[in-house]
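S.K.: Provided herewith is a single structure, encoded as structure tokens, for subsequent inquiry.
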Amino acid sequence: MTDLHRLSIRELSEGLAGAKFSSRELTEHYLKRIAKLDTQVKSYVTVTAEQALAQADAADAAIKAGTATALTGVPIAHKDIFCTQGIKTTAGSKMLDNFISPYDATVVAKGKAAGLVTLGKVNMDEFAMGSTSENSFYGATANPWNLGHVPGGSSGGSAAAVAADLAPFATGTDTGGSIRQPASFCGLTGLKPSYGRVSRFGMIAYASSLDQGGPMARSAEDCAYLMNVMAGHDAKDSTSVEKDVDDYVANLNGTAIQGLRIGIPKQYFNVAGLDADVKARVEESLKKLEEMGATLVEIDLNMTEAYVPTYYLIAPAEASSNLSRYDGVRYGYRAESPVDLMDLYKRSRSEGFGAEVQRRILIGTYALSAGYYDAYYVKAQKVRRLIQQDFLKAFESVDVIAAPAAPTTAYKIGANLSPVEMYLGDIYTIAVNLAGLPAINAPVGFDKDNLPVGLQLIGNYWSESQLLSVVHQYQQATDWHTKRAAIAEENA
């Protein structure tokens, strides 16, 4: 079968269960596509063909034995920030280019337990710091819709692999928009769950109070299948919440669009730099939801101007702390022939970390330093609470909040935006992480250059089912999520 990559996760699950094709056939199909097409996209850092085929054979045996789950035998790509036992885990950095993890991240272990087949590890901005996937030791990943453009970041490899049909779905992580923005740039659905919903154990840390793992796929239904595996309490993660997990697939039609109150923050649609095509597509999608029975309610989010400065104090401060462990002694890259211990520290870190990571470590170290800690870091944490309260007040009158996922479509590779320009591109996504809320991106059309545009819906705490349900029903009434880039239409 030459079109297996065009099937949804439900169709793959049913096809495997009904013996229309085997997991080995499906896995070989994807491995052939990767071998043929990924030289152009450059989404994979490591392809684990041998292991994938062994897992596929085990999945086929489980299906025959009647012990399979809904996802047994379905292939997946993991963002290279999740530790994978016996497989290189790099976080896109020279610092970890030689790191073979001795254990699996909880998200990976849950995937294995569900019978998922790991195709490999996909590219990302170094230590998840970036919005383009250009900040990787392994080079830039291309956007399948236009190979001269970026796929977004930091989960750009995950987005590109799915958008090019080099994996049916993928794991991503979101510290300030790193699932939602690349999903928007690549025409995918991507869910950032509530903080504490998905275990962070074995996920290489960037900013621990902001990081959260989530699914990236073509549709809300596909994301729901992966959320059923990823979500849940984990005793190994002290920030993981003990709370019952919904059956996200069963609840896909559980939220009525009729009467749903969608908050429209007036500040979000007056942001300088919001592209006219992006604004138009988002407004068209909201009009469609209104036609389906939703009510649009104008709201105020008065803390909008504080998002970027608050985030870019807290996230670098936590990065400075988290990345201090990479010192050339304990693990990671080690400089050659150091003259003394100080030289070892300095050169290991300056040679092992890229420019953006170094920039954020320096910003964070400054914000945490004596004399500046209270003025910057402590004040930013106080403002963070005000941002959270701003959202909670809004949720008293609305069910979900709508926004663009990004102010523009995908940048050109090598656009060389200044750090400040790049940081301002995160205006619509970072507040969700500061507040710990769930949010989802859904594809809603294209700009004049045929680059995808995304609608972001933000929910109250633990409302992942509601967000997936709203997007699923929107996707039943529209076909944007079914659109494919030309490279995805190619057969291997």
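Labels for the structure tokens follow display order: chains A, B, ..., residues from 1 in each chain, ligands from 1.
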Report as a PyMOL selection string all protein, DNA and RNA residues lying within 8 Å of region 217-229 of chain A, evaluated on only C-alpha atoms, omitting residues in the same chain fewer than 5 positions from it.
M.R.: chain A and resi 8-10+71+107+110-111+114+159+162-163+168-170+187-191+245-249+252+442+468-469+471-472+475+481-482
S.K.: Which of these, A:Gln181, A:Ser465, A:Ser285, A:Asn251, has the shortest distance to Tyr428 (chain A) once you count only C-alpha atoms?
M.R.: A:Gln181
S.K.: Excluding Gly92 (chain A) and any residue of its chain fewer than 3 positions from it, enumerate the residues within 7 Å of it, using only C-alpha atoms, and give them as a PyMOL selection string.
M.R.: chain A and resi 80+123-127+136-138
S.K.: Gly263 (chain A): which residues within 7 Å, counting only C-alpha atoms, same-chain residues fewer than 6 positions away excluded, as number ranges by chain?
M.R.: A: 296-299, 398, 400-402
S.K.: Using only C-alpha atoms, which residues of region 70-103 of chain A come within 10 Å of region 353-376 of chain A, and what is the closest atom pair for each, with the distance in Å to one decimal? Give it as a tab-separated table, sorted by chain and residue number.
M.R.:
```
residue	atom	partner	partner_atom	distance
A:Gly92	CA	A:Gly354	CA	9.8
A:Ser93	CA	A:Phe353	CA	6.7
A:Lys94	CA	A:Phe353	CA	6.7
A:Met95	CA	A:Phe353	CA	6.1
A:Leu96	CA	A:Phe353	CA	9.6
```
S.K.: Skipping near chain neighbours, those fewer than 5 positions away, what residues fall within 8 Å of Leu210 (chain A) using only C-alpha atoms, listed as a list in words?
M.R.: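 These residues fall inside the cut-off: Asp174, Thr175, Gly176, Tyr195, Ala315, Asn433, Leu434 and Gly436 of chain A.
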S.K.: Just to be explicit: take each residue in the selection above, keep all heavy atoms, and write the result as a PDB file, in the first residue's frame.
M.R.:
```
ATOM      1  N   ASP A 174       6.442  22.304  25.171  1.00  0.00           N
ATOM      2  CA  ASP A 174       5.998  23.683  25.047  1.00  0.00           C
ATOM      3  C   ASP A 174       6.362  24.433  26.321  1.00  0.00           C
ATOM      4  O   ASP A 174       5.795  24.192  27.374  1.00  0.00           O
ATOM      5  CB  ASP A 174       4.475  23.690  24.820  1.00  0.00           C
ATOM      6  CG  ASP A 174       3.928  25.025  24.362  1.00  0.00           C
ATOM      7  OD1 ASP A 174       4.273  26.042  24.994  1.00  0.00           O
ATOM      8  OD2 ASP A 174       3.141  25.053  23.398  1.00  0.00           O
ATOM      9  N   THR A 175       7.361  25.337  26.199  1.00  0.00           N
ATOM     10  CA  THR A 175       7.794  26.159  27.331  1.00  0.00           C
ATOM     11  C   THR A 175       7.291  27.580  27.181  1.00  0.00           C
ATOM     12  O   THR A 175       7.107  28.282  28.167  1.00  0.00           O
ATOM     13  CB  THR A 175       9.337  26.139  27.441  1.00  0.00           C
ATOM     14  OG1 THR A 175       9.776  24.777  27.526  1.00  0.00           O
ATOM     15  CG2 THR A 175       9.836  26.894  28.661  1.00  0.00           C
ATOM     16  N   GLY A 176       7.059  27.997  25.927  1.00  0.00           N
ATOM     17  CA  GLY A 176       6.530  29.337  25.671  1.00  0.00           C
ATOM     18  C   GLY A 176       5.799  29.391  24.343  1.00  0.00           C
ATOM     19  O   GLY A 176       5.644  30.453  23.742  1.00  0.00           O
ATOM     20  N   TYR A 195      -0.166  22.655  33.025  1.00  0.00           N
ATOM     21  CA  TYR A 195       1.082  22.315  33.719  1.00  0.00           C
ATOM     22  C   TYR A 195       0.792  21.222  34.745  1.00  0.00           C
ATOM     23  O   TYR A 195      -0.125  21.333  35.557  1.00  0.00           O
ATOM     24  CB  TYR A 195       1.648  23.553  34.413  1.00  0.00           C
ATOM     25  CG  TYR A 195       2.988  23.310  35.063  1.00  0.00           C
ATOM     26  CD1 TYR A 195       4.143  23.247  34.294  1.00  0.00           C
ATOM     27  CD2 TYR A 195       3.095  23.133  36.434  1.00  0.00           C
ATOM     28  CE1 TYR A 195       5.378  23.023  34.878  1.00  0.00           C
ATOM     29  CE2 TYR A 195       4.333  22.913  37.030  1.00  0.00           C
ATOM     30  CZ  TYR A 195       5.464  22.853  36.249  1.00  0.00           C
ATOM     31  OH  TYR A 195       6.690  22.623  36.826  1.00  0.00           O
ATOM     32  N   ALA A 315      12.021  32.618  32.369  1.00  0.00           N
ATOM     33  CA  ALA A 315      12.544  31.462  31.622  1.00  0.00           C
ATOM     34  C   ALA A 315      14.072  31.432  31.592  1.00  0.00           C
ATOM     35  O   ALA A 315      14.673  30.389  31.892  1.00  0.00           O
ATOM     36  CB  ALA A 315      11.961  31.438  30.206  1.00  0.00           C
ATOM     37  N   ASN A 433       1.925  29.622  29.288  1.00  0.00           N
ATOM     38  CA  ASN A 433       2.902  28.891  30.096  1.00  0.00           C
ATOM     39  C   ASN A 433       3.114  29.563  31.445  1.00  0.00           C
ATOM     40  O   ASN A 433       3.254  28.879  32.471  1.00  0.00           O
ATOM     41  CB  ASN A 433       4.232  28.779  29.349  1.00  0.00           C
ATOM     42  CG  ASN A 433       4.086  28.034  28.039  1.00  0.00           C
ATOM     43  OD1 ASN A 433       3.628  28.609  27.049  1.00  0.00           O
ATOM     44  ND2 ASN A 433       4.452  26.764  28.000  1.00  0.00           N
ATOM     45  N   LEU A 434       3.148  30.891  31.459  1.00  0.00           N
ATOM     46  CA  LEU A 434       3.298  31.608  32.725  1.00  0.00           C
ATOM     47  C   LEU A 434       2.144  31.276  33.667  1.00  0.00           C
ATOM     48  O   LEU A 434       2.335  31.141  34.880  1.00  0.00           O
ATOM     49  CB  LEU A 434       3.356  33.123  32.478  1.00  0.00           C
ATOM     50  CG  LEU A 434       4.633  33.641  31.814  1.00  0.00           C
ATOM     51  CD1 LEU A 434       4.445  35.081  31.332  1.00  0.00           C
ATOM     52  CD2 LEU A 434       5.832  33.550  32.765  1.00  0.00           C
ATOM     53  N   GLY A 436       0.223  28.483  33.363  1.00  0.00           N
ATOM     54  CA  GLY A 436       0.058  27.033  33.493  1.00  0.00           C
ATOM     55  C   GLY A 436      -1.191  26.480  32.848  1.00  0.00           C
ATOM     56  O   GLY A 436      -1.625  25.362  33.136  1.00  0.00           O
TER      57      GLY A 436
END
```
S.K.: Counting only C-alpha atoms, which residue out of A:Asp97, A:Glu134, A:Asp165, A:Glu336 sits closest to Ala485 (chain A)?
M.R.: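 Closest candidate: A:Asp165.
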S.K.: Just list as JSON, numbers by chain whatever in region 144-256 of chain A DSSP marks as helix (DSSP H, G or I).
M.R.: {"A": [156, 157, 158, 159, 160, 161, 162, 163, 180, 181, 182, 183, 184, 185, 220, 221, 222, 223, 224, 225, 226, 227, 228, 229, 230]}
S.K.: Skip Lys192 (chain A) itself and residues of its chain fewer than 6 positions away, then list as a PDB file with N, CA, C and O atoms, in the first residue's frame all residues within 10 Å of it, counting only C-alpha atoms.
M.R.:
```
ATOM      1  N   GLY A 172       5.939  16.633  21.408  1.00  0.00           N
ATOM      2  CA  GLY A 172       6.582  17.937  21.431  1.00  0.00           C
ATOM      3  C   GLY A 172       6.643  18.428  22.863  1.00  0.00           C
ATOM      4  O   GLY A 172       6.084  17.800  23.767  1.00  0.00           O
ATOM      5  N   THR A 173       7.331  19.540  23.068  1.00  0.00           N
ATOM      6  CA  THR A 173       7.295  20.205  24.374  1.00  0.00           C
ATOM      7  C   THR A 173       7.036  21.673  24.148  1.00  0.00           C
ATOM      8  O   THR A 173       7.339  22.220  23.092  1.00  0.00           O
ATOM      9  N   ASP A 174       6.442  22.304  25.171  1.00  0.00           N
ATOM     10  CA  ASP A 174       5.998  23.683  25.047  1.00  0.00           C
ATOM     11  C   ASP A 174       6.362  24.433  26.321  1.00  0.00           C
ATOM     12  O   ASP A 174       5.795  24.192  27.374  1.00  0.00           O
ATOM     13  N   THR A 175       7.361  25.337  26.199  1.00  0.00           N
ATOM     14  CA  THR A 175       7.794  26.159  27.331  1.00  0.00           C
ATOM     15  C   THR A 175       7.291  27.580  27.181  1.00  0.00           C
ATOM     16  O   THR A 175       7.107  28.282  28.167  1.00  0.00           O
ATOM     17  N   GLY A 176       7.059  27.997  25.927  1.00  0.00           N
ATOM     18  CA  GLY A 176       6.530  29.337  25.671  1.00  0.00           C
ATOM     19  C   GLY A 176       5.799  29.391  24.343  1.00  0.00           C
ATOM     20  O   GLY A 176       5.644  30.453  23.742  1.00  0.00           O
ATOM     21  N   GLY A 177       5.377  28.211  23.856  1.00  0.00           N
ATOM     22  CA  GLY A 177       4.694  28.139  22.563  1.00  0.00           C
ATOM     23  C   GLY A 177       5.290  27.122  21.625  1.00  0.00           C
ATOM     24  O   GLY A 177       4.932  27.051  20.444  1.00  0.00           O
ATOM     25  N   SER A 178       6.197  26.291  22.125  1.00  0.00           N
ATOM     26  CA  SER A 178       6.998  25.417  21.258  1.00  0.00           C
ATOM     27  C   SER A 178       6.260  24.226  20.671  1.00  0.00           C
ATOM     28  O   SER A 178       6.813  23.490  19.867  1.00  0.00           O
ATOM     29  N   ILE A 179       5.004  24.015  21.050  1.00  0.00           N
ATOM     30  CA  ILE A 179       4.124  23.078  20.334  1.00  0.00           C
ATOM     31  C   ILE A 179       3.194  23.873  19.428  1.00  0.00           C
ATOM     32  O   ILE A 179       3.029  23.560  18.241  1.00  0.00           O
ATOM     33  N   ARG A 180       2.598  24.918  19.967  1.00  0.00           N
ATOM     34  CA  ARG A 180       1.538  25.641  19.242  1.00  0.00           C
ATOM     35  C   ARG A 180       2.071  26.437  18.050  1.00  0.00           C
ATOM     36  O   ARG A 180       1.460  26.438  16.980  1.00  0.00           O
ATOM     37  N   VAL A 198       1.119  16.239  32.048  1.00  0.00           N
ATOM     38  CA  VAL A 198       2.014  15.263  31.402  1.00  0.00           C
ATOM     39  C   VAL A 198       3.347  15.272  32.147  1.00  0.00           C
ATOM     40  O   VAL A 198       3.901  16.339  32.436  1.00  0.00           O
ATOM     41  N   ASP A 211       7.872  24.283  31.414  1.00  0.00           N
ATOM     42  CA  ASP A 211       7.943  23.163  30.454  1.00  0.00           C
ATOM     43  C   ASP A 211       6.730  22.246  30.571  1.00  0.00           C
ATOM     44  O   ASP A 211       6.308  21.903  31.677  1.00  0.00           O
ATOM     45  N   GLN A 212       6.212  21.799  29.448  1.00  0.00           N
ATOM     46  CA  GLN A 212       5.143  20.798  29.437  1.00  0.00           C
ATOM     47  C   GLN A 212       5.151  20.057  28.103  1.00  0.00           C
ATOM     48  O   GLN A 212       5.308  20.664  27.050  1.00  0.00           O
ATOM     49  N   GLY A 213       5.026  18.727  28.164  1.00  0.00           N
ATOM     50  CA  GLY A 213       4.981  17.909  26.961  1.00  0.00           C
ATOM     51  C   GLY A 213       3.563  17.804  26.421  1.00  0.00           C
ATOM     52  O   GLY A 213       2.589  17.955  27.171  1.00  0.00           O
ATOM     53  N   GLY A 214       3.453  17.550  25.109  1.00  0.00           N
ATOM     54  CA  GLY A 214       2.132  17.404  24.515  1.00  0.00           C
ATOM     55  C   GLY A 214       2.209  16.787  23.132  1.00  0.00           C
ATOM     56  O   GLY A 214       3.291  16.563  22.589  1.00  0.00           O
ATOM     57  N   PRO A 215       1.048  16.508  22.522  1.00  0.00           N
ATOM     58  CA  PRO A 215       0.988  15.845  21.209  1.00  0.00           C
ATOM     59  C   PRO A 215       0.930  16.825  20.044  1.00  0.00           C
ATOM     60  O   PRO A 215       0.376  17.922  20.157  1.00  0.00           O
ATOM     61  N   MET A 216       1.496  16.404  18.906  1.00  0.00           N
ATOM     62  CA  MET A 216       1.414  17.149  17.653  1.00  0.00           C
ATOM     63  C   MET A 216       0.977  16.184  16.562  1.00  0.00           C
ATOM     64  O   MET A 216       1.572  15.108  16.411  1.00  0.00           O
ATOM     65  N   THR A 429       1.678  33.226  22.838  1.00  0.00           N
ATOM     66  CA  THR A 429       1.802  31.878  23.421  1.00  0.00           C
ATOM     67  C   THR A 429       2.365  31.858  24.831  1.00  0.00           C
ATOM     68  O   THR A 429       2.012  30.996  25.629  1.00  0.00           O
ATOM     69  N   VAL A 432       0.310  31.698  28.372  1.00  0.00           N
ATOM     70  CA  VAL A 432      -0.304  30.411  28.712  1.00  0.00           C
ATOM     71  C   VAL A 432       0.631  29.588  29.599  1.00  0.00           C
ATOM     72  O   VAL A 432       0.200  28.952  30.565  1.00  0.00           O
ATOM     73  N   ASN A 433       1.925  29.622  29.288  1.00  0.00           N
ATOM     74  CA  ASN A 433       2.902  28.891  30.096  1.00  0.00           C
ATOM     75  C   ASN A 433       3.114  29.563  31.445  1.00  0.00           C
ATOM     76  O   ASN A 433       3.254  28.879  32.471  1.00  0.00           O
ATOM     77  N   GLY A 436       0.223  28.483  33.363  1.00  0.00           N
ATOM     78  CA  GLY A 436       0.058  27.033  33.493  1.00  0.00           C
ATOM     79  C   GLY A 436      -1.191  26.480  32.848  1.00  0.00           C
ATOM     80  O   GLY A 436      -1.625  25.362  33.136  1.00  0.00           O
ATOM     81  N   LEU A 437      -1.791  27.257  31.943  1.00  0.00           N
ATOM     82  CA  LEU A 437      -3.064  26.876  31.321  1.00  0.00           C
ATOM     83  C   LEU A 437      -2.862  25.944  30.122  1.00  0.00           C
ATOM     84  O   LEU A 437      -1.778  25.906  29.549  1.00  0.00           O
ATOM     85  N   PRO A 438      -3.914  25.221  29.695  1.00  0.00           N
ATOM     86  CA  PRO A 438      -3.844  24.447  28.452  1.00  0.00           C
ATOM     87  C   PRO A 438      -4.233  25.310  27.257  1.00  0.00           C
ATOM     88  O   PRO A 438      -5.010  26.264  27.399  1.00  0.00           O
ATOM     89  N   ALA A 439      -3.688  24.995  26.086  1.00  0.00           N
ATOM     90  CA  ALA A 439      -4.038  25.727  24.859  1.00  0.00           C
ATOM     91  C   ALA A 439      -3.765  24.823  23.662  1.00  0.00           C
ATOM     92  O   ALA A 439      -2.924  23.921  23.724  1.00  0.00           O
ATOM     93  N   ILE A 440      -4.486  25.082  22.588  1.00  0.00           N
ATOM     94  CA  ILE A 440      -4.369  24.236  21.391  1.00  0.00           C
ATOM     95  C   ILE A 440      -4.282  25.110  20.149  1.00  0.00           C
ATOM     96  O   ILE A 440      -4.847  26.213  20.115  1.00  0.00           O
ATOM     97  N   ASN A 441      -3.534  24.654  19.158  1.00  0.00           N
ATOM     98  CA  ASN A 441      -3.514  25.301  17.843  1.00  0.00           C
ATOM     99  C   ASN A 441      -4.292  24.445  16.855  1.00  0.00           C
ATOM    100  O   ASN A 441      -4.176  23.213  16.852  1.00  0.00           O
ATOM    101  N   ILE A 458      -7.399  28.920  24.122  1.00  0.00           N
ATOM    102  CA  ILE A 458      -6.851  28.779  25.468  1.00  0.00           C
ATOM    103  C   ILE A 458      -7.988  28.373  26.402  1.00  0.00           C
ATOM    104  O   ILE A 458      -9.081  28.963  26.358  1.00  0.00           O
ATOM    105  N   GLU A 464      -8.408  20.168  28.789  1.00  0.00           N
ATOM    106  CA  GLU A 464      -7.882  19.607  27.532  1.00  0.00           C
ATOM    107  C   GLU A 464      -8.978  18.935  26.714  1.00  0.00           C
ATOM    108  O   GLU A 464      -9.025  19.073  25.486  1.00  0.00           O
TER     109      GLU A 464
END
```
S.K.: If you run DSSP on the backbone, which residues of region 186-424 of chain A are strand (DSSP E or B), as a list in words?
M.R.: Thr189, Gly190, Leu191, Lys192, Val198, Met203, Gly213, Gly214, Pro215, Met216, Ala217, Ala231, Arg261, Ile262, Gly263, Ile264, Pro265, Thr295, Leu296, Val297, Glu298, Ile299, Val400, Ile401, Ala402, Ala403, Pro404 and Lys412 of chain A
S.K.: May I ask for the distance between CA of Ala160 (chain A) and CA of Trp145 (chain A), given in Å to one decimal place?
M.R.: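 These atoms are spaced 9.0 Å apart.
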S.K.: Tell me which protein, DNA and RNA residues are within 9 Å of Phe185 (chain A), counting only C-alpha atoms, leaving out same-chain ones fewer than 6 positions away, and put them as a compact mmCIF listing (two decimals) with C-alpha atoms, in the first residue's frame.
M.R.:
```txt
# COMPACT_ATOMS: atom_id res chain seq x y z
CA ASN A 143 9.03 23.75 6.57
CA TRP A 145 5.00 23.81 2.92
CA VAL A 150 11.35 27.55 8.99
CA PRO A 151 8.91 25.07 10.59
CA GLY A 152 8.81 27.07 13.82
CA ALA A 159 6.02 19.60 13.24
CA ALA A 406 1.64 33.60 16.15
CA THR A 408 2.95 35.98 11.36
CA THR A 409 3.31 32.87 9.25
CA ALA A 410 6.64 31.01 8.99
CA TYR A 411 9.79 33.13 8.63
CA PRO A 443 -5.00 25.11 11.22
CA LEU A 451 1.86 29.29 4.30
CA PRO A 452 -0.41 27.90 7.06
CA VAL A 453 -2.16 30.07 9.65
CA GLY A 454 -3.20 28.81 13.09
```
S.K.: Work out how far apart CA of Lys279 (chain A) and CA of Gly153 (chain A) are and give it in Å to one decimal.
M.R.: 21.0 Å
S.K.: Using only C-alpha atoms, can you tell me which of A:Asn146, A:Asn98, A:Ser463, A:Thr67 comes closest to Val41 (chain A)?
M.R.: A:Asn146
S.K.: Could you check the closest approach to Met422 (chain A) for each of A:Tyr206, A:Tyr312, A:Phe391, A:Tyr345 and tell me which residue wins, using only C-alpha atoms?
M.R.: A:Tyr312
S.K.: So the first atom is CA of Ala62 (chain A) and the second is CA of Ile34 (chain A); what is the distance between them in Å, to one decimal place?
M.R.: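 So the two atoms, CA of Ala62 (chain A) and CA of Ile34 (chain A), lie 25.8 Å apart.
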